[in-house]
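Participant: Sharing query-v9.cif here; it has mmCIF, C-alpha atoms and all ligand atoms.
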data_data
#
loop_
_atom_site.group_PDB
_atom_site.id
_atom_site.type_symbol
_atom_site.label_atom_id
_atom_site.label_comp_id
_atom_site.auth_asym_id
_atom_site.auth_seq_id
_atom_site.Cartn_x
_atom_site.Cartn_y
_atom_site.Cartn_z
ATOM 1 C CA MET L 22 120.159 90.765 94.084
ATOM 2 C CA VAL L 23 123.716 91.909 94.942
ATOM 3 C CA ALA L 24 124.455 94.981 92.806
ATOM 4 C CA ASN L 25 128.164 94.362 92.386
ATOM 5 C CA PRO L 26 129.070 90.761 93.070
ATOM 6 C CA ASN L 27 132.699 89.604 93.049
ATOM 7 C CA GLY L 28 133.958 86.583 91.223
ATOM 8 C CA LYS L 29 134.930 85.551 87.747
ATOM 9 C CA VAL L 30 132.743 84.774 84.759
ATOM 10 C CA LEU L 31 133.897 83.018 81.614
ATOM 11 C CA VAL L 32 131.790 84.076 78.630
ATOM 12 C CA PHE L 33 131.938 81.582 75.774
ATOM 13 C CA ASP L 34 130.929 81.572 72.108
ATOM 14 C CA SER L 35 132.067 80.000 68.845
ATOM 15 C CA GLY L 36 133.530 83.352 67.788
ATOM 16 C CA MET L 37 133.266 87.000 68.740
ATOM 17 C CA GLY L 38 129.467 87.320 69.108
ATOM 18 C CA GLY L 39 129.554 86.535 72.812
ATOM 19 C CA LEU L 40 131.477 89.761 73.370
ATOM 20 C CA THR L 41 128.091 91.501 73.040
ATOM 21 C CA VAL L 42 126.949 89.509 76.092
ATOM 22 C CA ALA L 43 130.243 90.050 77.962
ATOM 23 C CA ARG L 44 129.772 93.786 77.419
ATOM 24 C CA GLU L 45 126.296 93.682 78.991
ATOM 25 C CA ILE L 46 127.588 91.687 81.977
ATOM 26 C CA GLN L 47 130.453 94.107 82.557
ATOM 27 C CA ALA L 48 128.116 97.115 82.281
ATOM 28 C CA LEU L 49 125.796 95.661 84.910
ATOM 29 C CA ALA L 50 128.570 94.528 87.260
ATOM 30 C CA PRO L 51 131.742 96.574 86.698
ATOM 31 C CA THR L 52 133.691 94.900 89.548
ATOM 32 C CA LEU L 53 133.203 91.426 88.118
ATOM 33 C CA ALA L 54 136.169 89.730 86.440
ATOM 34 C CA VAL L 55 135.000 88.805 82.936
ATOM 35 C CA ASP L 56 137.128 86.530 80.762
ATOM 36 C CA TYR L 57 136.208 85.457 77.248
ATOM 37 C CA ALA L 58 136.657 82.256 75.260
ATOM 38 C CA ALA L 59 135.945 81.525 71.598
ATOM 39 C CA ASP L 60 135.948 78.098 69.990
ATOM 40 C CA SER L 61 137.652 79.620 66.984
ATOM 41 C CA GLY L 62 138.984 76.207 65.969
ATOM 42 C CA PHE L 63 135.420 74.996 65.302
ATOM 43 C CA PHE L 64 133.813 78.268 64.116
ATOM 44 C CA PRO L 65 131.093 78.699 62.904
ATOM 45 C CA TYR L 66 128.696 76.561 64.944
ATOM 46 C CA GLY L 67 125.568 77.479 62.985
ATOM 47 C CA ASP L 68 126.165 75.085 60.093
ATOM 48 C CA LYS L 69 127.573 72.145 62.095
ATOM 49 C CA SER L 70 125.595 68.936 62.693
ATOM 50 C CA ASP L 71 123.875 68.400 66.031
ATOM 51 C CA GLU L 72 126.037 65.317 66.663
ATOM 52 C CA ALA L 73 129.293 67.200 66.063
ATOM 53 C CA LEU L 74 128.288 70.048 68.389
ATOM 54 C CA ARG L 75 126.942 67.740 71.110
ATOM 55 C CA ALA L 76 130.238 65.886 71.143
ATOM 56 C CA ARG L 77 132.390 69.013 71.065
ATOM 57 C CA LEU L 78 130.695 71.380 73.520
ATOM 58 C CA PRO L 79 131.189 69.532 76.849
ATOM 59 C CA VAL L 80 134.838 68.826 75.970
ATOM 60 C CA VAL L 81 135.608 72.439 75.041
ATOM 61 C CA ALA L 82 133.739 73.819 78.063
ATOM 62 C CA LYS L 83 135.679 71.568 80.420
ATOM 63 C CA ALA L 84 139.075 72.381 78.901
ATOM 64 C CA LEU L 85 138.384 76.122 78.998
ATOM 65 C CA CYS L 86 137.192 76.072 82.601
ATOM 66 C CA GLN L 87 140.302 74.155 83.624
ATOM 67 C CA VAL L 88 142.503 77.017 82.444
ATOM 68 C CA ALA L 89 140.258 80.009 83.199
ATOM 69 C CA ARG L 90 138.885 78.754 86.559
ATOM 70 C CA PRO L 91 135.675 80.823 86.516
ATOM 71 C CA ASP L 92 132.913 80.785 89.147
ATOM 72 C CA VAL L 93 130.234 80.802 86.441
ATOM 73 C CA PHE L 94 130.293 79.719 82.783
ATOM 74 C CA VAL L 95 128.092 81.668 80.369
ATOM 75 C CA ILE L 96 127.321 80.091 76.989
ATOM 76 C CA ALA L 97 126.820 83.298 75.005
ATOM 77 C CA CYS L 98 125.663 81.383 71.955
ATOM 78 C CA ASN L 99 122.107 80.515 70.952
ATOM 79 C CA THR L 100 123.257 77.772 68.594
ATOM 80 C CA ALA L 101 125.067 75.931 71.397
ATOM 81 C CA SER L 102 122.597 76.636 74.223
ATOM 82 C CA THR L 103 119.512 75.492 72.317
ATOM 83 C CA LEU L 104 121.239 72.148 71.674
ATOM 84 C CA ALA L 105 123.614 71.156 74.456
ATOM 85 C CA LEU L 106 123.010 73.194 77.609
ATOM 86 C CA GLU L 107 122.349 70.056 79.673
ATOM 87 C CA GLU L 108 125.432 68.264 78.313
ATOM 88 C CA VAL L 109 127.630 71.232 79.258
ATOM 89 C CA ARG L 110 126.023 71.441 82.717
ATOM 90 C CA ALA L 111 126.750 67.768 83.262
ATOM 91 C CA ALA L 112 130.415 68.263 82.321
ATOM 92 C CA LEU L 113 131.079 71.170 84.712
ATOM 93 C CA ASP L 114 130.828 71.556 88.465
ATOM 94 C CA ILE L 115 130.013 75.291 88.382
ATOM 95 C CA PRO L 116 126.758 77.055 87.388
ATOM 96 C CA VAL L 117 126.182 77.307 83.637
ATOM 97 C CA ILE L 118 124.006 80.021 82.091
ATOM 98 C CA GLY L 119 122.707 79.626 78.543
ATOM 99 C CA THR L 120 121.468 82.059 75.887
ATOM 100 C CA VAL L 121 118.207 81.392 74.088
ATOM 101 C CA PRO L 122 116.224 83.445 71.539
ATOM 102 C CA ALA L 123 114.378 86.425 73.094
ATOM 103 C CA ILE L 124 110.965 85.256 71.902
ATOM 104 C CA LYS L 125 109.205 86.033 75.185
ATOM 105 C CA PRO L 126 110.107 89.758 75.257
ATOM 106 C CA ALA L 127 109.410 90.025 71.532
ATOM 107 C CA ALA L 128 105.935 88.562 72.065
ATOM 108 C CA GLN L 129 105.244 91.272 74.631
ATOM 109 C CA LEU L 130 106.510 94.001 72.328
ATOM 110 C CA THR L 131 104.814 93.236 69.015
ATOM 111 C CA ARG L 132 101.738 95.232 68.027
ATOM 112 C CA THR L 133 101.145 93.640 64.629
ATOM 113 C CA GLY L 134 101.384 90.095 66.048
ATOM 114 C CA THR L 135 104.167 89.178 63.610
ATOM 115 C CA ILE L 136 107.694 88.583 64.888
ATOM 116 C CA GLY L 137 110.795 87.986 62.781
ATOM 117 C CA LEU L 138 113.616 85.795 64.059
ATOM 118 C CA LEU L 139 117.116 86.010 62.615
ATOM 119 C CA ALA L 140 119.483 83.288 63.789
ATOM 120 C CA THR L 141 121.901 80.674 62.518
ATOM 121 C CA PRO L 142 120.468 77.776 60.474
ATOM 122 C CA GLY L 143 121.131 75.566 63.527
ATOM 123 C CA THR L 144 119.049 77.688 65.905
ATOM 124 C CA VAL L 145 116.241 78.005 63.346
ATOM 125 C CA ARG L 146 115.771 74.226 63.116
ATOM 126 C CA ARG L 147 116.081 73.432 66.852
ATOM 127 C CA ALA L 148 113.234 71.764 68.742
ATOM 128 C CA TYR L 149 114.130 74.133 71.602
ATOM 129 C CA THR L 150 113.309 77.154 69.426
ATOM 130 C CA ALA L 151 110.014 75.577 68.323
ATOM 131 C CA GLN L 152 109.134 74.986 71.981
ATOM 132 C CA LEU L 153 109.899 78.624 72.911
ATOM 133 C CA ILE L 154 107.544 79.743 70.131
ATOM 134 C CA LYS L 155 104.877 77.340 71.391
ATOM 135 C CA ASP L 156 105.296 78.512 74.983
ATOM 136 C CA PHE L 157 105.437 82.273 74.444
ATOM 137 C CA ALA L 158 104.125 83.094 70.959
ATOM 138 C CA SER L 159 101.573 80.419 70.088
ATOM 139 C CA ASP L 160 98.973 83.057 69.178
ATOM 140 C CA LEU L 161 101.440 85.065 67.064
ATOM 141 C CA ARG L 162 103.073 84.601 63.677
ATOM 142 C CA VAL L 163 106.819 83.944 63.962
ATOM 143 C CA ILE L 164 108.832 84.045 60.726
ATOM 144 C CA LEU L 165 112.328 82.559 60.885
ATOM 145 C CA HIS L 166 115.452 82.860 58.800
ATOM 146 C CA GLY L 167 118.933 81.447 59.356
ATOM 147 C CA SER L 168 122.144 82.922 57.964
ATOM 148 C CA ILE L 169 125.794 82.007 58.396
ATOM 149 C CA ALA L 170 126.811 84.814 56.024
ATOM 150 C CA LEU L 171 125.524 87.318 58.583
ATOM 151 C CA VAL L 172 127.678 85.712 61.309
ATOM 152 C CA ARG L 173 130.781 86.192 59.173
ATOM 153 C CA MET L 174 129.783 89.747 58.203
ATOM 154 C CA ALA L 175 129.342 90.631 61.887
ATOM 155 C CA GLU L 176 132.877 89.445 62.729
ATOM 156 C CA GLN L 177 134.263 91.439 59.834
ATOM 157 C CA VAL L 178 132.484 94.658 60.861
ATOM 158 C CA ALA L 179 133.505 94.163 64.509
ATOM 159 C CA ALA L 180 137.136 94.049 63.363
ATOM 160 C CA GLY L 181 136.699 97.439 61.689
ATOM 161 C CA ARG L 182 136.388 96.104 58.144
ATOM 162 C CA PRO L 183 133.233 97.624 56.659
ATOM 163 C CA VAL L 184 130.683 95.521 54.765
ATOM 164 C CA PRO L 185 128.391 97.300 52.234
ATOM 165 C CA LEU L 186 124.798 97.872 53.430
ATOM 166 C CA GLU L 187 123.610 96.112 50.286
ATOM 167 C CA ALA L 188 125.001 92.840 51.683
ATOM 168 C CA PHE L 189 122.908 93.290 54.863
ATOM 169 C CA ARG L 190 119.857 94.004 52.710
ATOM 170 C CA THR L 191 120.449 90.781 50.756
ATOM 171 C CA VAL L 192 120.883 88.710 53.900
ATOM 172 C CA GLN L 193 117.674 90.004 55.514
ATOM 173 C CA ALA L 194 115.523 89.846 52.370
ATOM 174 C CA PRO L 195 114.536 86.132 52.709
ATOM 175 C CA LEU L 196 113.024 86.904 56.134
ATOM 176 C CA PHE L 197 110.896 89.837 55.040
ATOM 177 C CA GLU L 198 109.938 88.208 51.719
ATOM 178 C CA GLN L 199 108.192 85.278 53.421
ATOM 179 C CA GLU L 200 104.402 85.379 53.689
ATOM 180 C CA GLY L 201 103.469 87.981 56.312
ATOM 181 C CA GLY L 202 106.985 89.464 56.273
ATOM 182 C CA SER L 203 105.696 92.971 55.628
ATOM 183 C CA GLU L 204 103.863 92.731 58.996
ATOM 184 C CA ILE L 205 107.020 92.105 61.052
ATOM 185 C CA ASP L 206 107.355 94.887 63.623
ATOM 186 C CA THR L 207 109.696 93.113 66.081
ATOM 187 C CA LEU L 208 112.907 91.361 65.125
ATOM 188 C CA VAL L 209 114.631 88.876 67.456
ATOM 189 C CA LEU L 210 118.402 88.884 67.017
ATOM 190 C CA ALA L 211 118.750 85.227 68.028
ATOM 191 C CA CYS L 212 122.473 84.961 67.441
ATOM 192 C CA THR L 213 124.875 86.819 69.713
ATOM 193 C CA HIS L 214 126.870 87.965 66.681
ATOM 194 C CA PHE L 215 124.013 90.048 65.336
ATOM 195 C CA PRO L 216 124.026 92.864 67.934
ATOM 196 C CA LEU L 217 127.562 93.581 66.635
ATOM 197 C CA VAL L 218 125.848 94.880 63.469
ATOM 198 C CA ARG L 219 122.623 96.240 64.949
ATOM 199 C CA GLY L 220 123.189 99.595 63.194
ATOM 200 C CA GLU L 221 123.825 97.979 59.809
ATOM 201 C CA LEU L 222 120.755 95.738 60.209
ATOM 202 C CA ALA L 223 118.566 98.692 61.207
ATOM 203 C CA ALA L 224 119.812 100.705 58.225
ATOM 204 C CA SER L 225 119.002 97.926 55.759
ATOM 205 C CA VAL L 226 115.623 96.518 56.896
ATOM 206 C CA PRO L 227 112.802 97.087 54.383
ATOM 207 C CA HIS L 228 110.738 98.859 57.078
ATOM 208 C CA ALA L 229 111.332 99.997 60.667
ATOM 209 C CA VAL L 230 111.300 97.272 63.358
ATOM 210 C CA ASN L 231 112.094 96.959 67.073
ATOM 211 C CA MET L 232 115.130 94.749 67.630
ATOM 212 C CA VAL L 233 115.451 92.578 70.719
ATOM 213 C CA ASP L 234 118.227 90.315 71.925
ATOM 214 C CA SER L 235 118.995 88.328 75.075
ATOM 215 C CA GLY L 236 122.153 90.169 76.222
ATOM 216 C CA GLU L 237 120.700 92.201 79.064
ATOM 217 C CA ALA L 238 118.623 89.301 80.418
ATOM 218 C CA ILE L 239 121.731 87.053 80.438
ATOM 219 C CA ALA L 240 123.653 89.757 82.302
ATOM 220 C CA ARG L 241 120.931 89.999 84.966
ATOM 221 C CA GLN L 242 120.813 86.222 85.304
ATOM 222 C CA THR L 243 124.616 86.048 85.621
ATOM 223 C CA VAL L 244 124.639 88.608 88.443
ATOM 224 C CA ARG L 245 121.757 86.786 90.157
ATOM 225 C CA VAL L 246 123.573 83.440 90.011
ATOM 226 C CA LEU L 247 126.885 84.931 91.169
ATOM 227 C CA SER L 248 125.245 86.525 94.170
ATOM 228 C CA HIS L 249 124.447 82.958 95.341
ATOM 229 C CA THR L 250 127.827 81.495 94.390
ATOM 230 C CA GLU L 251 130.888 81.524 96.592
ATOM 231 C CA SER L 252 133.738 83.036 94.601
ATOM 232 C CA THR L 253 137.103 81.275 94.543
ATOM 233 C CA SER L 254 138.662 83.790 92.181
ATOM 234 C CA HIS L 255 140.671 86.891 93.078
ATOM 235 C CA GLU L 256 141.929 87.629 89.590
ATOM 236 C CA LEU L 257 141.262 90.472 87.232
ATOM 237 C CA GLY L 258 139.327 89.648 84.083
ATOM 238 C CA GLY L 259 140.011 90.760 80.550
ATOM 239 C CA HIS L 260 141.703 87.619 79.251
ATOM 240 C CA VAL L 261 140.752 85.720 76.099
ATOM 241 C CA TRP L 262 141.255 82.075 75.153
ATOM 242 C CA LEU L 263 140.973 80.859 71.573
ATOM 243 C CA THR L 264 140.937 77.207 70.529
ATOM 244 C CA SER L 265 142.912 77.859 67.333
ATOM 245 C CA PRO L 266 146.546 78.937 66.946
ATOM 246 C CA LEU L 267 146.886 82.707 67.373
ATOM 247 C CA ASN L 268 148.827 83.258 64.160
ATOM 248 C CA GLY L 269 146.419 83.861 61.313
ATOM 249 C CA GLN L 270 143.775 85.149 63.741
ATOM 250 C CA SER L 271 144.453 88.866 63.312
ATOM 251 C CA ARG L 272 140.740 89.581 62.763
ATOM 252 C CA LEU L 273 139.725 87.976 66.060
ATOM 253 C CA ILE L 274 142.579 89.587 67.928
ATOM 254 C CA GLU L 275 141.529 92.981 66.553
ATOM 255 C CA VAL L 276 137.919 92.444 67.696
ATOM 256 C CA CYS L 277 139.129 91.468 71.183
ATOM 257 C CA ARG L 278 141.337 94.554 71.359
ATOM 258 C CA ARG L 279 138.403 96.773 70.378
ATOM 259 C CA PHE L 280 136.390 95.286 73.241
ATOM 260 C CA GLY L 281 139.258 95.918 75.680
ATOM 261 C CA TYR L 282 140.593 92.342 75.934
ATOM 262 C CA LEU L 283 144.349 92.492 75.518
ATOM 263 C CA GLY L 284 145.772 89.215 76.849
ATOM 264 C CA ILE L 285 145.072 86.374 74.404
ATOM 265 C CA ASP L 286 146.216 82.750 74.591
ATOM 266 C CA GLN L 287 145.464 79.494 72.834
ATOM 267 C CA VAL L 288 143.969 76.496 74.589
ATOM 268 C CA ALA L 289 144.707 73.353 72.629
ATOM 269 C CA ILE L 290 141.666 71.051 72.561
HETATM 270 N N1 LIG L 301 127.068 83.416 68.111
HETATM 271 C C1 LIG L 301 126.455 82.189 67.930
HETATM 272 C C2 LIG L 301 124.972 82.204 68.240
HETATM 273 O O1 LIG L 301 124.522 82.872 69.042
HETATM 274 C C3 LIG L 301 126.762 81.328 66.758
HETATM 275 C C4 LIG L 301 127.496 81.802 65.561
HETATM 276 C C5 LIG L 301 128.048 80.611 64.782
HETATM 277 O O2 LIG L 301 129.120 80.138 65.165
HETATM 278 O O3 LIG L 301 127.397 80.120 63.850
HETATM 279 O O4 LIG L 301 124.197 81.505 67.710
#
Using structure tokens, write down the structure that the file contains.
Facilitator:
Amino acid sequence: MVANPNGKVLVFDSGMGGLTVAREIQALAPTLAVDYAADSGFFPYGDKSDEALRARLPVVAKALCQVARPDVFVIACNTASTLALEEVRAALDIPVIGTVPAIKPAAQLTRTGTIGLLATPGTVRRAYTAQLIKDFASDLRVILHGSIALVRMAEQVAAGRPVPLEAFRTVQAPLFEQEGGSEIDTLVLACTHFPLVRGELAASVPHAVNMVDSGEAIARQTVRVLSHTESTSHELGGHVWLTSPLNGQSRLIEVCRRFGYLGIDQVAI
């Protein structure tokens, strides 16, 4: 694997959660140009129908790649990747990397044999998620819970607007209150928004757990793919594209600024 490949990556999510993946990519490969795109005009993804997302994702991915011209497109969103990875791949002529719940590492980590999975309602009901559990955790108990409220809370906290710990306690309660919930020792953060509030989640769980997410694995995969991809880009990264008008998006713009992304434009879809 090339330690510091050149080239440009476009990291994509419905909102600001994918910045947690972009951060991991940049940490692993500091010379890489990393741009970011959020489908803010269709946020959140986690409560949308499969049909609506399947129709939207290839169109948005294509429009964003036309303006950003990346060498690799990273879908930093479990909700989108577990549904439409193949559709997006078919729409683009560059490598596409998806993000799926970190069930495999969690299965290796658990000692009690009970894993919790926090995601969006969309990711929780996906056949893809069920298959991952079958493939990597068939002998374990996996307890799932989906929350859109937690997605919104994560964006708020990332913009520097605190949310009371009690709200995090309330959001996590339905996971730990399910049968076997008191046995959960490993928690999969299966939505890229949730690492934005890892501290708040850790401070409000009913008992201590290990938390795992896919960020670092996606970063390694991105570097691996780029080391086999001929780069056509000589630009610096650090740019953001939103699919909604910029006025009225002060929260998103603040999150981007906090992550070091200063240039922000709208792409009309
Ligand atoms: N960040 C996304 C994920 O990983 C989805 C959040 C949403 O738009 O519902 O699932």
Participant: Kindly provide the residues of chain L that approach ligand LIG 301 (chain L) to within 7 Å, each paired with its closest atom pair and their distance in Å to one decimal, based on only C-alpha atoms and all ligand atoms, listed by chain and increasing number, as a tab-separated table.
Facilitator:
residue	atom	partner	partner_atom	distance
L:Asp34	CA	L:LIG301	N1	5.9
L:Ser35	CA	L:LIG301	O2	4.7
L:Gly36	CA	L:LIG301	O2	6.1
L:Gly38	CA	L:LIG301	N1	4.7
L:Gly39	CA	L:LIG301	N1	6.2
L:Phe64	CA	L:LIG301	O2	5.2
L:Pro65	CA	L:LIG301	O2	3.3
L:Tyr66	CA	L:LIG301	O2	3.6
L:Gly67	CA	L:LIG301	O3	3.3
L:Asp68	CA	L:LIG301	O3	6.4
L:Ala97	CA	L:LIG301	O1	6.4
L:Cys98	CA	L:LIG301	O1	3.5
L:Asn99	CA	L:LIG301	O1	3.9
L:Thr100	CA	L:LIG301	O4	3.9
L:Ala101	CA	L:LIG301	O4	6.7
L:Ala140	CA	L:LIG301	O4	6.4
L:Thr141	CA	L:LIG301	O3	5.7
L:Thr144	CA	L:LIG301	O4	6.7
L:Ile169	CA	L:LIG301	O3	6.0
L:Val172	CA	L:LIG301	C4	5.8
L:Ala211	CA	L:LIG301	O1	6.3
L:Cys212	CA	L:LIG301	O1	3.3
L:Thr213	CA	L:LIG301	O1	4.0
L:His214	CA	L:LIG301	N1	4.8
Participant: Looking at L:Ile164, L:Ile274, L:Leu196, L:Val32, which one is nearest to Glu45 of chain L, with distances taken over all atoms listed in the file?
Facilitator: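 Using all atoms listed in the file, the shortest distance to Glu45 of chain L belongs to L:Val32.
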Participant: Between L:Met174, L:Cys277, L:Val244, L:Ala188, which has the minimum distance to Ala50 of chain L (counting all atoms listed in the file)?
Facilitator: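 Under the stated criterion, the closest residue is L:Val244.
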Participant: Using the chain letters and numbering of this document, enumerate as a PDB file with C-alpha atoms, keeping the file's coordinate frame the residues selected by the PyMOL selection byres (((chain L and resi 200) around 12) and not hetatm).
Facilitator:
ATOM      1  CA  THR L 135     104.167  89.178  63.610  1.00  0.00           C
ATOM      2  CA  GLY L 137     110.795  87.986  62.781  1.00  0.00           C
ATOM      3  CA  ARG L 162     103.073  84.601  63.677  1.00  0.00           C
ATOM      4  CA  VAL L 163     106.819  83.944  63.962  1.00  0.00           C
ATOM      5  CA  ILE L 164     108.832  84.045  60.726  1.00  0.00           C
ATOM      6  CA  LEU L 165     112.328  82.559  60.885  1.00  0.00           C
ATOM      7  CA  PRO L 195     114.536  86.132  52.709  1.00  0.00           C
ATOM      8  CA  LEU L 196     113.024  86.904  56.134  1.00  0.00           C
ATOM      9  CA  PHE L 197     110.896  89.837  55.040  1.00  0.00           C
ATOM     10  CA  GLU L 198     109.938  88.208  51.719  1.00  0.00           C
ATOM     11  CA  GLN L 199     108.192  85.278  53.421  1.00  0.00           C
ATOM     12  CA  GLY L 201     103.469  87.981  56.312  1.00  0.00           C
ATOM     13  CA  GLY L 202     106.985  89.464  56.273  1.00  0.00           C
ATOM     14  CA  SER L 203     105.696  92.971  55.628  1.00  0.00           C
ATOM     15  CA  GLU L 204     103.863  92.731  58.996  1.00  0.00           C
ATOM     16  CA  ILE L 205     107.020  92.105  61.052  1.00  0.00           C
TER      17      ILE L 205
END
Participant: What's the separation between atom CA of Gly167 of chain L and atom CA of Gln47 of chain L, in Å to one decimal place?
Facilitator: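 These two atoms are separated by 28.8 Å.
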Participant: Applying 9 Å and only C-alpha atoms, which residues near segment 76-86 of chain L remain after dropping the ones on its own chain fewer than 3 positions away? List them as number ranges by chain.
Facilitator: L: 31, 33, 58, 60, 63, 71-73, 89-91, 94, 101, 105-106, 108-113, 262, 264, 288-290
Participant: Please produce a file of the residues just selected, as a PDB file, in the frame of the given file, where the atoms kept are C-alpha atoms.
Facilitator:
ATOM      1  CA  LEU L  31     133.897  83.018  81.614  1.00  0.00           C
ATOM      2  CA  PHE L  33     131.938  81.582  75.774  1.00  0.00           C
ATOM      3  CA  ALA L  58     136.657  82.256  75.260  1.00  0.00           C
ATOM      4  CA  ASP L  60     135.948  78.098  69.990  1.00  0.00           C
ATOM      5  CA  PHE L  63     135.420  74.996  65.302  1.00  0.00           C
ATOM      6  CA  ASP L  71     123.875  68.400  66.031  1.00  0.00           C
ATOM      7  CA  GLU L  72     126.037  65.317  66.663  1.00  0.00           C
ATOM      8  CA  ALA L  73     129.293  67.200  66.063  1.00  0.00           C
ATOM      9  CA  ALA L  89     140.258  80.009  83.199  1.00  0.00           C
ATOM     10  CA  ARG L  90     138.885  78.754  86.559  1.00  0.00           C
ATOM     11  CA  PRO L  91     135.675  80.823  86.516  1.00  0.00           C
ATOM     12  CA  PHE L  94     130.293  79.719  82.783  1.00  0.00           C
ATOM     13  CA  ALA L 101     125.067  75.931  71.397  1.00  0.00           C
ATOM     14  CA  ALA L 105     123.614  71.156  74.456  1.00  0.00           C
ATOM     15  CA  LEU L 106     123.010  73.194  77.609  1.00  0.00           C
ATOM     16  CA  GLU L 108     125.432  68.264  78.313  1.00  0.00           C
ATOM     17  CA  VAL L 109     127.630  71.232  79.258  1.00  0.00           C
ATOM     18  CA  ARG L 110     126.023  71.441  82.717  1.00  0.00           C
ATOM     19  CA  ALA L 111     126.750  67.768  83.262  1.00  0.00           C
ATOM     20  CA  ALA L 112     130.415  68.263  82.321  1.00  0.00           C
ATOM     21  CA  LEU L 113     131.079  71.170  84.712  1.00  0.00           C
ATOM     22  CA  TRP L 262     141.255  82.075  75.153  1.00  0.00           C
ATOM     23  CA  THR L 264     140.937  77.207  70.529  1.00  0.00           C
ATOM     24  CA  VAL L 288     143.969  76.496  74.589  1.00  0.00           C
ATOM     25  CA  ALA L 289     144.707  73.353  72.629  1.00  0.00           C
ATOM     26  CA  ILE L 290     141.666  71.051  72.561  1.00  0.00           C
TER      27      ILE L 290
END
Participant: At a cut-off of 6 Å, using all atoms listed in the file, what residues contact Met232 of chain L? Leave out same-chain residues fewer than 6 positions from it and give the result as a ChimeraX atom specification.
Facilitator: /L:207-209
Participant: Would you mind reading off the distance between atom CA of Gly119 of chain L and atom CA of Gly181 of chain L, one decimal, in Å?
Facilitator: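 Atom CA of Gly181 of chain L lies 28.2 Å from atom CA of Gly119 of chain L.
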Participant: Can you measure atom CA of Val233 of chain L to atom CA of Leu153 of chain L for me? One decimal in Å is fine.
Facilitator: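 Taking atom CA of Val233 of chain L and atom CA of Leu153 of chain L, their separation equals 15.2 Å.
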Participant: Name every residue that the PyMOL selection byres (((chain L and resi 270) around 12) and not hetatm) selects in this structure, writing the answer as a VMD selection string with chains first and numbers rising.
Facilitator: chain L and resid 36 to 37 59 61 to 62 176 180 263 to 269 271 to 277 285 to 287
Participant: Please dump the current selection as a PDB file, keeping the file's coordinate frame; keep C-alpha atoms.
Facilitator:
ATOM      1  CA  GLY L  36     133.530  83.352  67.788  1.00  0.00           C
ATOM      2  CA  MET L  37     133.266  87.000  68.740  1.00  0.00           C
ATOM      3  CA  ALA L  59     135.945  81.525  71.598  1.00  0.00           C
ATOM      4  CA  SER L  61     137.652  79.620  66.984  1.00  0.00           C
ATOM      5  CA  GLY L  62     138.984  76.207  65.969  1.00  0.00           C
ATOM      6  CA  GLU L 176     132.877  89.445  62.729  1.00  0.00           C
ATOM      7  CA  ALA L 180     137.136  94.049  63.363  1.00  0.00           C
ATOM      8  CA  LEU L 263     140.973  80.859  71.573  1.00  0.00           C
ATOM      9  CA  THR L 264     140.937  77.207  70.529  1.00  0.00           C
ATOM     10  CA  SER L 265     142.912  77.859  67.333  1.00  0.00           C
ATOM     11  CA  PRO L 266     146.546  78.937  66.946  1.00  0.00           C
ATOM     12  CA  LEU L 267     146.886  82.707  67.373  1.00  0.00           C
ATOM     13  CA  ASN L 268     148.827  83.258  64.160  1.00  0.00           C
ATOM     14  CA  GLY L 269     146.419  83.861  61.313  1.00  0.00           C
ATOM     15  CA  SER L 271     144.453  88.866  63.312  1.00  0.00           C
ATOM     16  CA  ARG L 272     140.740  89.581  62.763  1.00  0.00           C
ATOM     17  CA  LEU L 273     139.725  87.976  66.060  1.00  0.00           C
ATOM     18  CA  ILE L 274     142.579  89.587  67.928  1.00  0.00           C
ATOM     19  CA  GLU L 275     141.529  92.981  66.553  1.00  0.00           C
ATOM     20  CA  VAL L 276     137.919  92.444  67.696  1.00  0.00           C
ATOM     21  CA  CYS L 277     139.129  91.468  71.183  1.00  0.00           C
ATOM     22  CA  ILE L 285     145.072  86.374  74.404  1.00  0.00           C
ATOM     23  CA  ASP L 286     146.216  82.750  74.591  1.00  0.00           C
ATOM     24  CA  GLN L 287     145.464  79.494  72.834  1.00  0.00           C
TER      25      GLN L 287
END
Participant: Please write as a ChimeraX atom specification the list of polymer residues whose atoms come within 12 Å of (103.4, 98.3, 66.4), counting only C-alpha atoms and keeping to the coordinates of the file.
Facilitator: /L:127-136,204-208,228-231
Participant: Under the rule that all atoms listed in the file are counted, which of L:Asn27, L:Gln242, L:Ser159, L:Ser248 is the nearest residue to Val95 of chain L?
Facilitator: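 Residue with the minimum atom-to-atom distance to Val95 of chain L: L:Gln242.
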Participant: Please list as a PyMOL selection string every residue within 7 Å of Val30 of chain L, counting only C-alpha atoms and excluding residues in the same chain fewer than 6 positions away.
Facilitator: chain L and resi 54-56+91-94
Participant: Select, from L:Ala223, L:Ile124, L:Val42, L:Ile115, the residue with the minimum atom-to-atom distance to Arg190 of chain L, counting only C-alpha atoms.
Facilitator: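 Between L:Ala223, L:Ile124, L:Val42, L:Ile115, the residue approaching Arg190 of chain L most closely is L:Ala223.
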Participant: Using all atoms listed in the file, which of the listed residues (L:Ile239, L:Leu283, L:Leu247, L:Leu40) sits closest to His260 of chain L?
Facilitator: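 Of the candidates, the smallest distance to His260 of chain L is held by L:Leu283.
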Participant: So which residues touch Glu221 of chain L within 12 Å, counting all atoms listed in the file, skipping near sequence neighbours fewer than 5 positions away, as a short mmCIF file (atom, residue, chain, number, x, y, z; two decimals) with C-alpha atoms, in the frame of the given file?
Facilitator:
data_model
loop_
_atom_site.label_atom_id
_atom_site.label_comp_id
_atom_site.auth_asym_id
_atom_site.auth_seq_id
_atom_site.Cartn_x
_atom_site.Cartn_y
_atom_site.Cartn_z
CA LEU L 171 125.52 87.32 58.58
CA MET L 174 129.78 89.75 58.20
CA ALA L 175 129.34 90.63 61.89
CA VAL L 178 132.48 94.66 60.86
CA ALA L 179 133.50 94.16 64.51
CA PRO L 183 133.23 97.62 56.66
CA VAL L 184 130.68 95.52 54.76
CA PRO L 185 128.39 97.30 52.23
CA LEU L 186 124.80 97.87 53.43
CA GLU L 187 123.61 96.11 50.29
CA ALA L 188 125.00 92.84 51.68
CA PHE L 189 122.91 93.29 54.86
CA ARG L 190 119.86 94.00 52.71
CA VAL L 192 120.88 88.71 53.90
CA GLN L 193 117.67 90.00 55.51
CA PHE L 215 124.01 90.05 65.34
CA PRO L 216 124.03 92.86 67.93
CA VAL L 226 115.62 96.52 56.90
#
